[in-house]
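Undergrad: For reference, the structure I am asking about is given below.
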Amino acid sequence: MSTVLNQLIELLTLETIDDHYFRGQSVDLGLRQVFGGQVIAQALAAGMKVAPQDRILHSCHAYFLRTGDAQHPILYDVEVLRQGRNFTALRIKAIQHNEPICHVTASFQTLEHGFDHQSPMPAVEPPEQLVNELEAVRAVAQYLPPQIKDKLTAERPFDVRSKYLNNPFQGREFPAEQYAWVKANGTVPDDLKINQCLLAYFSDFHCLLTALHPHKKGFLEKGMKVATIDHAIWFHRPFDLNNWLLHAVESNNAYAARGLARGQIFDQQGRLIATTQQEGLIRFSEE
């Protein structure tokens, strides 16, 4: 396992304070605030500690209430909403400085067999034909602001190959879509819970950025404010992040300073692994 991947897995391994109360550390990715994917993934890790161990996470919905502080740990308070015969519903509250910064509801289900159908996988170039995101950033490292250069060019826990590479400081116009191949930069343990938390973490990277594509804006441009409002994930089938997965994202709407994006995640065999949906603030001010 690579060092950076191991560090991310450790970040998602929470300290237990009591049966329903956990603490997670924070990492600054150069975004001036806690990365939303970290909060979702840690909240799910907390929920997995409380849900019956024979039940599998199948969906989660997160609402971001306040900006998180990347310099301080986060407390996770887990409440059991319902314990049924086949389903467990939880609400996880992420807390910093005695205030909630995010509420996550998560549902777990015992493994069942039933009907099976899915959307077809879109036709897209294989990962080998697309540009590595980290290599692209490092190629223009001399133009990055000094205060975030080291963070943006540092080794990453995922190998990501995207179809559309936009400049966060000077955006270009692209279609309102993104195709991003991802796999772990290292070896992920054979544990579905760890894979789900890691995929939840990754799923927050491309959604809102795709909503900016038609508007020629980068998310770090002067005058831009970009923040996730809510994020949802439905997990459909088991998967392995040691192998390539495709996150196919489309932004079907932007209005009233909000952008909406929905995505489907497939493995290389064309199996639909998960579905994502996110709405967020995409506000531009000339002032």
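Labeling convention for the structure tokens: chains A, B, ... as they appear, residues from 1 per chain, ligands from 1 in order of appearance.
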If you run DSSP on the backbone here, which positions in segment 147-238 of chain A get strand (DSSP E or B)? Please write them as a PyMOL selection string.
TA: chain A and resi 158-162+177-184+224-235
Undergrad: Taking 6 positions as the minimum chain separation for residues in the same chain, which residues sit within 10 Å of segment 6-18 of chain A when counting only C-alpha atoms? Answer as a PyMOL selection string.
TA: chain A and resi 24-27+38-46+49+74-77+156-157+185-189+194-195+197-198+201
Undergrad: Please provide as a CSV table (one decimal) with N, CA, C and O atoms, in the first residue's frame all residues within 9 Å of Arg271 of chain A, with the sequence filter that same-chain residues fewer than 4 positions apart are discarded (counting only C-alpha atoms).
TA:
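Output file part-v1.csv follows:
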```csv
chain,number,residue,atom,x,y,z
A,118,GLN,N,-29.8,-2.5,-15.3
A,118,GLN,CA,-29.0,-1.3,-15.1
A,118,GLN,C,-28.9,-0.5,-16.4
A,118,GLN,O,-29.2,-1.0,-17.5
A,119,SER,N,-28.4,0.7,-16.3
A,119,SER,CA,-28.1,1.5,-17.4
A,119,SER,C,-26.9,1.0,-18.1
A,119,SER,O,-26.0,0.5,-17.4
A,120,PRO,N,-26.8,1.2,-19.4
A,120,PRO,CA,-25.5,0.7,-20.1
A,120,PRO,C,-24.4,1.7,-19.8
A,120,PRO,O,-24.6,2.9,-19.6
A,121,MET,N,-23.2,1.2,-19.9
A,121,MET,CA,-22.0,2.0,-19.7
A,121,MET,C,-21.8,2.8,-20.9
A,121,MET,O,-21.9,2.4,-22.1
A,237,ARG,N,-23.6,-2.4,-6.4
A,237,ARG,CA,-23.0,-3.6,-6.5
A,237,ARG,C,-21.6,-3.6,-5.9
A,237,ARG,O,-21.0,-2.5,-5.8
A,265,ILE,N,-21.2,5.3,-11.8
A,265,ILE,CA,-19.9,4.8,-11.6
A,265,ILE,C,-20.0,3.3,-12.1
A,265,ILE,O,-20.8,2.5,-11.6
A,266,PHE,N,-19.1,3.0,-13.1
A,266,PHE,CA,-19.1,1.6,-13.7
A,266,PHE,C,-17.7,1.0,-13.4
A,266,PHE,O,-16.7,1.7,-13.3
A,267,ASP,N,-17.6,-0.3,-13.4
A,267,ASP,CA,-16.4,-1.0,-13.5
A,267,ASP,C,-16.0,-1.3,-15.0
A,267,ASP,O,-16.8,-1.0,-15.8
```
Undergrad: Need the shell around segment 259-264 of chain A: protein/DNA/RNA residues with any atom at most 7 Å away, counting only C-alpha atoms. Skip same-chain ones fewer than 2 positions apart. Format as a ChimeraX atom specification?
TA: /A:207-208,211,247-255,257,266,274-282
Undergrad: Neighbours of segment 125-128 of chain A within 9 Å (only C-alpha atoms; same-chain residues fewer than 3 positions away dropped), as a ChimeraX atom specification?
TA: /A:131-132,160-163,179-182,244,246,268
Undergrad: Neighbouring residues of Thr105 of chain A were defined as those with any atom within 7 Å, considering only C-alpha atoms; residues of the same chain fewer than 5 positions away were excluded. Please report them as a ChimeraX atom specification.
TA: /A:60-62,90-92
Undergrad: With distances taken over only C-alpha atoms, which residue among A:Ser2, A:Ser107, A:Thr153, A:Asn243 lies nearest Arg82 of chain A?
TA: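 When distances to Arg82 of chain A are compared using only C-alpha atoms, the smallest one comes from A:Ser107.
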Undergrad: Could you state the separation of atom CA of His58 of chain A and atom CA of Val226 of chain A in Å, given to one decimal place?
TA: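 Answer for the atom CA of His58 of chain A to atom CA of Val226 of chain A separation: 27.8 Å.
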